[in-house]
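A.B. asks: Okay, so here is my_file07.csv, and as you'll see once you scroll down, it has CSV, C-alpha atoms.
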```csv
chain,number,residue,atom,x,y,z
A,1,MET,CA,204.9,209.3,288.4
A,2,LYS,CA,205.1,211.4,291.6
A,3,VAL,CA,206.1,214.6,289.8
A,4,SER,CA,205.9,215.8,286.2
A,5,PRO,CA,209.4,216.0,284.9
A,6,PRO,CA,210.6,219.3,283.5
A,7,GLU,CA,210.4,219.9,279.7
A,8,GLY,CA,213.2,218.2,277.9
A,9,PHE,CA,213.3,215.1,280.1
A,10,ASN,CA,212.4,212.0,278.1
A,11,TRP,CA,211.9,208.8,280.0
A,12,ASN,CA,212.6,205.3,278.7
A,13,ASP,CA,210.9,202.5,280.6
A,14,GLY,CA,214.1,200.6,280.6
A,15,GLY,CA,215.1,202.9,283.5
A,16,PHE,CA,217.0,205.7,281.8
A,17,ALA,CA,216.3,209.1,280.3
A,18,VAL,CA,217.4,211.6,277.7
A,19,VAL,CA,217.8,215.1,279.1
A,20,GLY,CA,217.6,218.3,277.0
A,21,GLY,CA,216.0,221.7,277.0
A,22,PRO,CA,215.0,223.2,280.4
A,23,ALA,CA,215.7,219.9,282.2
A,24,MET,CA,219.3,220.1,280.8
A,25,ARG,CA,219.7,223.7,282.0
A,26,LEU,CA,218.6,222.7,285.5
A,27,PHE,CA,221.0,219.7,285.4
A,28,GLN,CA,223.8,222.0,284.4
A,29,ASN,CA,223.0,224.5,287.1
A,30,ILE,CA,222.9,221.8,289.7
A,31,GLU,CA,226.3,220.6,288.4
A,32,LYS,CA,227.8,224.0,288.6
A,33,MET,CA,226.7,224.4,292.2
A,34,PHE,CA,228.3,221.1,293.1
A,35,LEU,CA,231.5,222.1,291.3
A,36,ARG,CA,231.6,225.3,293.4
A,37,LEU,CA,231.2,223.1,296.4
A,38,ALA,CA,234.1,220.9,295.2
A,39,GLU,CA,236.2,224.0,294.6
A,40,LYS,CA,236.0,224.8,298.3
A,41,SER,CA,238.4,221.9,298.9
A,42,GLU,CA,240.3,222.6,295.7
A,43,ALA,CA,239.2,219.2,294.5
A,44,GLN,CA,240.8,218.0,291.3
A,45,GLU,CA,238.3,216.9,288.7
A,46,PHE,CA,238.4,213.6,286.9
A,47,HIS,CA,236.5,212.0,284.1
A,48,PHE,CA,236.2,208.2,284.2
A,49,PRO,CA,234.8,205.7,281.7
A,50,VAL,CA,231.6,203.9,282.4
A,51,PHE,CA,233.5,200.6,282.5
A,52,ILE,CA,235.1,199.5,285.7
A,53,SER,CA,237.4,196.5,286.1
A,54,ALA,CA,235.6,193.5,287.6
A,55,LYS,CA,238.8,192.3,289.1
A,56,GLU,CA,239.1,195.6,291.1
A,57,LEU,CA,235.5,195.5,292.2
A,58,LYS,CA,236.0,191.9,293.5
A,59,LYS,CA,238.6,193.3,295.9
A,60,LEU,CA,235.8,195.3,297.5
A,61,ASP,CA,233.7,192.1,297.9
A,62,TYR,CA,231.2,193.9,295.7
A,63,PHE,CA,229.8,190.8,294.0
A,64,LYS,CA,228.9,189.3,297.4
A,65,SER,CA,227.6,192.5,298.9
A,66,PHE,CA,225.5,193.8,296.0
A,67,PRO,CA,224.9,191.1,293.4
A,68,GLN,CA,221.4,192.5,292.8
A,69,LEU,CA,222.7,195.9,291.6
A,70,ILE,CA,225.4,194.9,289.2
A,71,HIS,CA,225.5,195.5,285.4
A,72,PHE,CA,227.9,194.0,282.9
A,73,PRO,CA,228.8,195.2,279.4
A,74,VAL,CA,228.3,192.2,277.1
A,75,SER,CA,229.6,191.6,273.6
A,76,LEU,CA,229.5,188.6,271.2
A,77,LYS,CA,232.4,186.2,271.1
A,78,MET,CA,234.6,187.3,268.2
A,79,ASN,CA,234.6,184.4,265.9
A,80,GLU,CA,233.1,184.3,262.4
A,81,GLU,CA,230.8,181.4,263.1
A,82,ASN,CA,229.3,183.0,266.2
A,83,LEU,CA,229.0,186.4,264.6
A,84,THR,CA,227.3,185.0,261.5
A,85,ALA,CA,224.9,183.0,263.6
A,86,PHE,CA,223.9,186.1,265.5
A,87,ALA,CA,223.7,188.3,262.4
A,88,ASN,CA,221.5,185.8,260.6
A,89,GLY,CA,219.4,184.8,263.6
A,90,GLU,CA,216.3,186.3,265.2
A,91,HIS,CA,218.0,189.2,267.0
A,92,MET,CA,215.2,189.9,269.4
A,93,ASN,CA,212.0,188.4,270.8
A,94,LYS,CA,208.6,190.2,270.9
A,95,LYS,CA,209.4,191.7,274.3
A,96,GLY,CA,212.4,193.4,272.9
A,97,GLU,CA,214.8,191.1,274.6
A,98,MET,CA,218.0,190.2,272.7
A,99,ASN,CA,218.6,186.7,271.6
A,100,LEU,CA,222.4,186.4,271.9
A,101,THR,CA,224.6,183.7,270.6
A,102,GLU,CA,227.9,183.0,272.4
A,103,ILE,CA,229.1,185.9,274.4
A,104,GLY,CA,232.7,186.9,275.0
A,105,PRO,CA,234.6,187.0,278.3
A,106,ILE,CA,233.2,189.6,280.7
A,107,CYS,CA,236.0,191.4,282.6
A,108,GLU,CA,234.3,194.7,283.3
A,109,CYS,CA,231.2,196.0,285.0
A,110,LEU,CA,229.3,199.2,284.5
A,111,THR,CA,230.1,201.8,287.2
A,112,PRO,CA,227.9,201.3,290.2
A,113,ALA,CA,229.3,204.3,292.2
A,114,ALA,CA,231.4,207.2,291.1
A,115,CYS,CA,234.0,207.2,293.8
A,116,TYR,CA,235.2,203.6,293.3
A,117,HIS,CA,237.2,204.8,290.3
A,118,PHE,CA,239.4,207.0,292.6
A,119,TYR,CA,240.5,204.2,294.8
A,120,ILE,CA,241.4,202.1,291.9
A,121,TYR,CA,243.2,205.0,290.3
A,122,HIS,CA,245.2,205.7,293.4
A,123,GLN,CA,246.0,202.0,294.0
A,124,GLY,CA,249.5,201.4,295.4
A,125,MET,CA,250.2,205.1,295.7
A,126,ASN,CA,251.8,206.9,298.7
A,127,LEU,CA,250.2,210.3,298.6
A,128,PRO,CA,252.2,213.1,300.2
A,129,LYS,CA,249.1,214.6,301.9
A,130,THR,CA,245.3,214.4,302.0
A,131,THR,CA,243.9,214.7,298.5
A,132,TYR,CA,240.6,216.1,297.4
A,133,LEU,CA,238.9,214.9,294.2
A,134,THR,CA,235.7,215.1,292.3
A,135,THR,CA,233.9,213.4,289.4
A,136,ARG,CA,230.5,212.9,287.9
A,137,ALA,CA,229.9,209.4,286.7
A,138,HIS,CA,227.2,207.6,284.8
A,139,CYS,CA,226.2,204.9,287.3
A,140,PHE,CA,224.2,201.8,286.7
A,141,ARG,CA,222.1,199.8,289.2
A,142,GLN,CA,219.5,197.1,288.7
A,143,GLU,CA,216.4,197.7,290.9
A,144,ASN,CA,213.0,196.0,291.2
A,145,PHE,CA,211.3,198.9,289.6
A,146,TYR,CA,212.3,202.2,288.0
A,147,GLU,CA,210.8,205.7,288.3
A,148,PRO,CA,211.8,208.8,286.4
A,149,LEU,CA,214.3,211.0,288.3
A,150,ARG,CA,213.7,209.0,291.5
A,151,ARG,CA,215.0,205.5,290.8
A,152,GLN,CA,216.8,205.1,287.5
A,153,ARG,CA,218.8,202.3,286.2
A,154,ASN,CA,221.3,204.7,284.6
A,155,PHE,CA,221.8,207.9,286.6
A,156,ASN,CA,224.4,210.5,287.3
A,157,MET,CA,226.3,210.7,290.5
A,158,ARG,CA,228.5,213.6,291.5
A,159,GLU,CA,231.0,212.9,294.3
A,160,ILE,CA,233.5,215.0,296.2
A,161,VAL,CA,236.1,212.7,297.8
A,162,ALA,CA,238.9,213.0,300.3
A,163,ILE,CA,241.7,210.4,300.6
A,164,GLY,CA,244.0,211.2,303.5
A,165,THR,CA,244.5,211.0,307.2
A,166,MET,CA,241.7,210.0,309.5
A,167,ASP,CA,241.4,213.5,311.1
A,168,GLU,CA,241.5,215.4,307.8
A,169,VAL,CA,238.9,213.1,306.2
A,170,LYS,CA,236.6,213.5,309.2
A,171,ALA,CA,237.1,217.2,309.1
A,172,PHE,CA,236.2,217.2,305.4
A,173,LEU,CA,233.0,215.3,306.0
A,174,ASN,CA,232.0,217.6,308.9
A,175,ARG,CA,232.7,220.7,306.7
A,176,TYR,CA,230.6,219.4,303.9
A,177,LYS,CA,227.7,218.5,306.2
A,178,GLU,CA,227.7,222.2,307.3
A,179,PHE,CA,228.0,223.4,303.6
A,180,MET,CA,225.1,221.1,302.6
A,181,THR,CA,222.9,222.1,305.5
A,182,SER,CA,223.3,225.7,304.5
A,183,VAL,CA,222.7,225.0,300.8
A,184,LEU,CA,219.5,223.0,301.6
A,185,GLU,CA,218.3,225.9,303.8
A,186,GLN,CA,218.9,228.5,301.2
A,187,LEU,CA,217.1,226.4,298.6
A,188,LYS,CA,214.2,225.8,301.1
A,189,LEU,CA,214.3,222.1,300.4
A,190,PRO,CA,212.7,220.1,303.1
A,191,VAL,CA,215.5,217.7,303.9
A,192,GLU,CA,216.4,215.8,307.1
A,193,TRP,CA,219.7,214.1,307.8
A,194,GLU,CA,219.4,210.4,308.6
A,195,ILE,CA,221.8,207.6,309.5
A,196,ALA,CA,221.6,204.9,306.9
A,197,THR,CA,223.1,201.7,305.7
A,198,ASP,CA,224.0,200.5,302.2
A,199,PRO,CA,221.6,198.1,300.5
A,200,PHE,CA,223.4,194.8,301.2
A,201,PHE,CA,221.9,191.8,299.5
A,202,ASP,CA,222.4,189.5,302.5
A,203,PRO,CA,221.0,190.9,305.8
A,204,GLY,CA,223.5,188.6,307.5
A,205,ASN,CA,226.5,190.3,305.8
A,206,PRO,CA,229.0,191.3,308.4
A,207,LYS,CA,229.5,194.7,306.7
A,208,LEU,CA,225.9,195.5,307.3
A,209,LEU,CA,226.2,194.6,311.0
A,210,MET,CA,229.3,196.8,311.0
A,211,GLN,CA,227.4,199.7,309.5
A,212,THR,CA,224.7,199.2,312.1
A,213,ILE,CA,227.0,199.2,315.1
A,214,ASP,CA,229.2,201.9,313.7
A,215,PRO,CA,227.2,204.2,311.4
A,216,VAL,CA,229.3,205.6,308.5
A,217,LYS,CA,226.6,206.9,306.2
A,218,GLN,CA,224.3,210.0,306.6
A,219,GLU,CA,221.7,210.6,304.0
A,220,MET,CA,219.9,213.8,303.0
A,221,ILE,CA,216.3,212.7,303.0
A,222,PHE,CA,213.9,214.9,301.0
A,223,MET,CA,210.3,215.1,302.3
A,224,LYS,CA,210.8,212.5,304.9
A,225,GLY,CA,207.8,210.6,306.0
A,226,THR,CA,205.8,211.4,302.9
A,227,PRO,CA,205.2,209.3,299.7
A,228,GLU,CA,207.7,211.6,298.1
A,229,GLU,CA,210.5,210.7,300.5
A,230,LEU,CA,213.8,210.3,298.7
A,231,SER,CA,217.5,210.3,299.5
A,232,ILE,CA,219.1,213.0,297.4
A,233,GLY,CA,222.6,212.7,298.7
A,234,SER,CA,224.8,211.2,301.3
A,235,ILE,CA,228.0,211.7,303.4
A,236,ASN,CA,230.1,208.6,303.8
A,237,PHE,CA,233.1,207.8,306.0
A,238,HIS,CA,234.9,204.7,304.7
A,239,LYS,CA,237.5,204.6,307.4
A,240,ASP,CA,240.6,202.8,305.9
A,241,TYR,CA,238.5,200.3,304.0
A,242,PHE,CA,239.6,201.5,300.6
A,243,GLY,CA,243.0,202.5,301.7
A,244,GLU,CA,243.7,199.0,302.9
A,245,GLY,CA,241.9,197.2,300.0
A,246,PHE,CA,243.8,199.2,297.4
A,247,ASN,CA,247.1,199.8,299.4
A,248,ILE,CA,246.7,203.5,299.3
A,249,LYS,CA,248.9,205.4,301.7
A,250,VAL,CA,249.2,209.0,302.9
A,251,ALA,CA,252.6,210.0,304.2
A,252,GLY,CA,253.4,206.3,304.6
A,253,GLU,CA,250.3,205.4,306.6
A,254,THR,CA,247.2,203.6,305.3
A,255,ALA,CA,244.8,206.1,303.9
A,256,PHE,CA,241.3,206.9,305.2
A,257,SER,CA,238.7,208.1,302.8
A,258,GLY,CA,235.2,209.7,302.7
A,259,CYS,CA,232.9,211.1,300.1
A,260,VAL,CA,229.9,213.4,299.6
A,261,ALA,CA,227.6,212.0,296.9
A,262,PHE,CA,224.7,213.5,295.1
A,263,GLY,CA,222.2,211.9,292.8
A,264,MET,CA,221.9,214.5,290.0
A,265,GLU,CA,218.5,213.3,288.7
A,266,ARG,CA,217.1,213.2,292.3
A,267,TRP,CA,218.1,216.8,292.7
A,268,ILE,CA,216.1,217.7,289.6
A,269,TYR,CA,213.2,215.8,291.2
A,270,ALA,CA,213.5,217.6,294.5
A,271,LEU,CA,213.8,221.1,292.9
A,272,THR,CA,210.9,220.6,290.5
A,273,LYS,CA,208.8,219.1,293.3
A,274,VAL,CA,209.2,222.3,295.4
A,275,TYR,CA,209.4,224.9,292.6
A,276,GLY,CA,207.4,223.2,289.8
A,277,THR,CA,208.3,222.6,286.2
A,278,ASP,CA,208.1,226.2,285.0
A,279,GLU,CA,211.7,227.2,284.4
A,280,SER,CA,211.1,230.8,285.4
A,281,LYS,CA,210.2,229.7,288.9
A,282,TRP,CA,213.3,227.8,289.5
A,283,PRO,CA,215.8,229.2,292.1
A,284,GLU,CA,219.0,230.8,290.8
A,285,LEU,CA,221.4,228.1,291.9
A,286,ALA,CA,224.4,230.3,290.9
A,287,LYS,CA,223.4,232.7,293.7
A,288,VAL,CA,223.4,229.9,296.4
A,289,MET,CA,226.2,230.6,298.8
A,290,VAL,CA,228.5,227.6,299.2
B,1,MET,CA,231.5,183.1,336.7
B,2,LYS,CA,234.3,185.4,335.8
B,3,THR,CA,235.0,188.8,337.3
B,4,GLU,CA,234.9,192.0,335.3
B,5,ALA,CA,238.7,192.1,335.2
B,6,GLU,CA,238.9,188.6,334.0
B,7,TYR,CA,236.3,189.2,331.2
B,8,LYS,CA,238.2,192.3,330.1
B,9,GLN,CA,241.5,190.4,330.1
B,10,GLU,CA,240.0,187.7,327.9
B,11,LEU,CA,238.8,190.4,325.5
B,12,LEU,CA,242.2,192.1,325.4
B,13,ASN,CA,243.8,188.7,324.7
B,14,TRP,CA,241.3,188.0,322.0
B,15,VAL,CA,241.9,191.3,320.2
B,16,LEU,CA,245.7,190.8,320.3
B,17,LYS,CA,245.2,187.3,318.9
B,18,VAL,CA,243.1,188.3,315.9
B,19,SER,CA,244.3,191.7,315.0
B,20,THR,CA,247.6,192.7,313.6
B,21,LYS,CA,246.8,196.4,313.9
B,22,VAL,CA,247.6,197.0,317.5
B,23,LYS,CA,250.6,196.3,319.7
B,24,PRO,CA,250.1,194.9,323.2
B,25,GLU,CA,251.5,198.0,324.8
B,26,GLU,CA,249.0,200.2,322.9
B,27,LEU,CA,245.8,198.3,323.7
B,28,THR,CA,243.7,199.3,326.7
B,29,VAL,CA,240.1,198.8,327.5
B,30,THR,CA,239.3,202.2,326.1
B,31,THR,CA,241.2,201.9,322.8
B,32,PRO,CA,238.7,202.5,319.9
B,33,LEU,CA,238.4,199.1,318.1
B,34,ILE,CA,236.0,199.9,315.3
B,35,GLU,CA,236.8,203.5,314.4
B,36,THR,CA,240.5,202.6,313.8
B,37,ARG,CA,239.6,199.3,312.3
B,38,ILE,CA,241.6,197.3,314.8
B,39,ILE,CA,238.6,195.0,314.4
B,40,SER,CA,237.3,194.5,310.9
B,41,SER,CA,233.7,193.7,309.9
B,42,MET,CA,234.5,190.0,309.5
B,43,GLN,CA,236.2,190.0,312.9
B,44,VAL,CA,233.1,191.5,314.5
B,45,MET,CA,231.3,188.3,313.6
B,46,GLU,CA,234.1,186.3,315.2
B,47,LEU,CA,233.9,188.5,318.3
B,48,ILE,CA,230.2,187.9,318.6
B,49,LEU,CA,230.8,184.1,318.6
B,50,PHE,CA,233.6,184.6,321.2
B,51,LEU,CA,231.4,186.7,323.4
B,52,GLU,CA,228.6,184.1,323.2
B,53,LYS,CA,231.2,181.5,324.3
B,54,LEU,CA,232.4,183.7,327.2
B,55,LYS,CA,228.9,184.4,328.3
B,56,GLY,CA,227.6,180.9,327.7
B,57,SER,CA,224.5,182.1,326.0
B,58,ARG,CA,223.3,184.0,322.8
B,59,LEU,CA,223.8,187.7,322.7
B,60,ASN,CA,220.8,190.1,322.6
B,61,MET,CA,220.7,191.2,318.9
B,62,LYS,CA,218.8,194.3,320.0
B,63,ALA,CA,221.9,195.4,321.8
B,64,MET,CA,223.8,195.6,318.5
B,65,LYS,CA,223.6,199.4,318.3
B,66,PRO,CA,226.0,202.2,317.7
B,67,GLY,CA,228.5,202.3,320.6
B,68,ALA,CA,228.2,198.7,321.6
B,69,PHE,CA,231.5,197.7,320.1
B,70,THR,CA,233.4,201.0,320.6
B,71,ASN,CA,236.0,199.5,323.0
B,72,ILE,CA,236.4,196.7,325.5
B,73,ASP,CA,234.7,198.7,328.2
B,74,THR,CA,231.6,199.2,326.1
B,75,ILE,CA,231.6,195.6,325.0
B,76,TYR,CA,231.8,194.4,328.6
B,77,THR,CA,229.0,196.8,329.7
B,78,THR,CA,226.7,196.0,326.8
B,79,PHE,CA,227.0,192.2,326.6
B,80,LEU,CA,228.7,190.7,329.7
B,81,LYS,CA,227.9,192.9,332.7
B,82,VAL,CA,225.2,191.3,334.8
```
Go ahead and express the file in the form of C-alpha cells.
C.D. replies:
Amino acid sequence: MKVSPPEGFNWNDGGFAVVGGPAMRLFQNIEKMFLRLAEKSEAQEFHFPVFISAKELKKLDYFKSFPQLIHFPVSLKMNEENLTAFANGEHMNKKGEMNLTEIGPICECLTPAACYHFYIYHQGMNLPKTTYLTTRAHCFRQENFYEPLRRQRNFNMREIVAIGTMDEVKAFLNRYKEFMTSVLEQLKLPVEWEIATDPFFDPGNPKLLMQTIDPVKQEMIFMKGTPEELSIGSINFHKDYFGEGFNIKVAGETAFSGCVAFGMERWIYALTKVYGTDESKWPELAKVMV
Amino acid sequence: MKTEAEYKQELLNWVLKVSTKVKPEELTVTTPLIETRIISSMQVMELILFLEKLKGSRLNMKAMKPGAFTNIDTIYTTFLKV
C-alpha cells in the first residue's frame, strides 16, 4: 500500500472498502466542496441506482469498447427446482467463489460511470436551454489488480455535467478547469493537467484513434512522474456523442455534453498523502474558495 | 499525380458522400470536420482507407496527431502534400 489510509477506512481485498470515522468525515468534506463547485452552475442534483440498463449501455457501444471493465448483477433463475438445487448445494468453494446453479436473465449492469445515467434519463428530450446536473454514483470496474483508495473495484464518482449547446458546454468545461486549477493550488496538491484517452480494450478501436487525433479528455494527475502518480479527476468533452446516441436536443438542435469527474476515494488518497492521516492536520475544505 | 486542388476536391466529394451532417454549400476546405462531428469516429477509419487509396501508399501512423484531421486543408497538408 502506497499510503496508510485514514482511520475508519476498512479495505476488503475484493476491491472495495467500508468508510467510517475520520475517513468518512474527510469523504463528506470533499463531497461538500464538490457540491459547492456544482452550485456555481446551479447544477441540479440527482441520485441514481447502481443498476444501469444494459440495453442503454449497448447504444454507447460500451460492451465493445470496455468489456474488461463491466460488472453485471446476477441472480438465480426463479424456479423451485433451481433454487432448491442452489439452497441444498455447496454454495461456495474454498476460495470463496460462489457455485451458482442456473442464473436468470441479465438485463442490467452495475454503473461504470456516473454521468451515463444523465444521458439515459434525458433520452428523447428537447431541453429548452443548456442544463447543468450533478450526481455521485457508486461505480464498478474490473481491473487487473486493486489498491485501497487508488484503484478500487467499487468506488464513488462525483460528476458535474452540462448538456447543451456546443459553445455553452465548452465554456462550462473551461470555467471548471479554472475552478479546479484554483482549488488544487489552494490545497497545495501537486497536480498537473494531462491530455488522456479512455482505457479502450481494443487499441484498434476507432474511438481511441478519434480521441488521439482530437483530444477530449484532460486528467488531473497527482504527483506525476512518481510511483504515487494518480489521476484524481478529469474534464471531458463528449461533443454530440451522447446527444446523438440518446436523441437529446437543446432548443431543437442535437445536444453537446461535457463533464467534470472526480474519484472520491482518490481525493482521500491525495489529501492524506500530502497532509498525513492525522485528522487535525487536514486542510479545512470548507474554506477553499471555489 | 493529382494537383492540390484535385486532392481537395476529392476530399470534399468524399465528405459529402459519407456525411449527412453538412450541406454542399456549407462545406469548405476549412470547415471543422471532427469538432462538429461531420465525420464520426467510424468514418475516420474509412477516411484513412480513402486517403491511402488516393495516395497509393500507407499513411504514416505517427502523423495521427491532434490537428491532423481538423479540416480538409490539414488533412491535405498532413497526409497528401509532397
A.B. asks: Write out as CSV the residues of chain A that have any atom within 9 Å of an atom of chain B, one row each with the nearest atom pair and its distance in Å to one decimal, counting only C-alpha atoms, sorted by chain and then rising number.
C.D. replies:
```
residue,atom,partner,partner_atom,distance
A:Met166,CA,B:Thr36,CA,8.6
A:Asn205,CA,B:Met42,CA,8.8
A:Pro206,CA,B:Ser41,CA,5.5
A:Lys207,CA,B:Ser41,CA,5.4
A:Leu208,CA,B:Ser41,CA,8.4
A:Leu209,CA,B:Ser41,CA,7.6
A:Met210,CA,B:Ser41,CA,5.5
A:Gln211,CA,B:Pro66,CA,8.7
A:Thr212,CA,B:Lys65,CA,6.3
A:Ile213,CA,B:Pro66,CA,4.1
A:Asp214,CA,B:Pro66,CA,5.1
A:Pro215,CA,B:Pro66,CA,6.7
A:Lys239,CA,B:Glu35,CA,7.1
A:Asp240,CA,B:Arg37,CA,7.4
A:Tyr241,CA,B:Arg37,CA,8.4
```
A.B. asks: What is the distance, in Å and to one decimal place, between atom CA of Val18 of chain B and atom CA of Ile39 of chain B?
C.D. replies: 8.2 Å
A.B. asks: Report, in Å to a single decimal, how far apart atom CA of Ala113 of chain A and atom CA of Ala196 of chain A are.
C.D. replies: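 Atom CA of Ala113 of chain A lies 16.6 Å from atom CA of Ala196 of chain A.
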A.B. asks: Which residue out of B:Tyr7, B:Phe79, B:Lys2, B:Thr31 has the minimum interatomic distance to Arg58 of chain B when all atoms listed in the file are used?
C.D. replies: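 Ranking B:Tyr7, B:Phe79, B:Lys2, B:Thr31 by distance to Arg58 of chain B, first place goes to B:Phe79.
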A.B. asks: Give me, please, the distance in Å between atom CA of Ala251 of chain A and atom CA of Lys23 of chain B, quoted to one decimal.
C.D. replies: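 Separating atom CA of Ala251 of chain A from atom CA of Lys23 of chain B is a distance of 20.8 Å.
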A.B. asks: For Gln44 of chain A, which of A:Leu110, A:Thr134, A:Glu81, A:Ile30 is the closest residue, counting all atoms listed in the file?
C.D. replies: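 With all atoms listed in the file as the atom set, the closest residue is A:Thr134.
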A.B. asks: Counting all atoms listed in the file, figure out which residue out of A:Val288, A:Leu69, A:Ile195, A:Ile120 gets nearest to Ile52 of chain A.
C.D. replies: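 Using all atoms listed in the file, Ile52 of chain A sits closest to A:Ile120.
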A.B. asks: What lies within 12 Å of segment 48-50 of chain A using only C-alpha atoms, ignoring chain neighbours under 4 positions off, as number ranges by chain?
C.D. replies: A: 71-73, 108-118, 120-121, 134-140, 154-158
A.B. asks: For Ser234 of chain A, which residue out of A:Lys177, A:Arg25, A:Lys249, A:Lys32 is the nearest one, using only C-alpha atoms?
C.D. replies: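 Closest residue, counting only C-alpha atoms: A:Lys177.
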A.B. asks: Can you tell me, as a list of chain:residue names, what residues are no more than 9 Å from Ala162 of chain A when counting only C-alpha atoms, ignoring any on the same chain fewer than 3 positions away?
C.D. replies: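 Listed by chain and then number, they are A:Ala43, A:Thr130, A:Thr131, A:Tyr132, A:Leu133, A:Thr134, A:Glu168, A:Val169, A:Phe172, A:Leu173, A:Phe256, A:Ser257, A:Gly258, A:Cys259.
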A.B. asks: With a distance cut-off of 12 Å and all atoms listed in the file, select the neighbouring residues of Asn79 of chain A, excluding the residue or stretch itself and same-chain residues fewer than 3 positions from it, and output the selection as a ChimeraX atom specification.
C.D. replies: /A:75-76,82-86,101-104
A.B. asks: Compare B:Ile38, B:Val29, B:Val82, B:Leu47 by their minimum atom-to-atom distance to Ala5 of chain B, counting all atoms listed in the file, and give me the closest one.
C.D. replies: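 Closest residue, counting all atoms listed in the file: B:Val29.
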A.B. asks: Taking the point (213.3, 197.5, 276.8) as given in the file, collect each protein or nucleic acid residue that comes within 9 Å of it, counting all atoms listed in the file, and present the set as a ChimeraX atom specification.
C.D. replies: /A:12-15,95-97
A.B. asks: Find the residue from B:Leu16, B:Ile75, B:Val22, B:Leu33 that sits nearest to Ile48 of chain B; use all atoms listed in the file when measuring.
C.D. replies: B:Ile75
A.B. asks: Excluding Asn29 of chain A and residues on its chain fewer than 4 positions from it, collect all residues at most 9 Å away from it, counting only C-alpha atoms, and give them as a list of chain:residue names.
C.D. replies: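 These residues fall inside the cut-off: A:Met24, A:Arg25, A:Met33, A:Phe34, A:Glu284, A:Leu285, A:Ala286.
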A.B. asks: May I have the residues within 7 Å of Ala255 of chain A as a list in words, using only C-alpha atoms and disregarding those fewer than 6 positions away in the same chain?
C.D. replies: Ile163, Gly164, Thr165, Asp240, Gly243, Ile248 and Lys249 of chain A
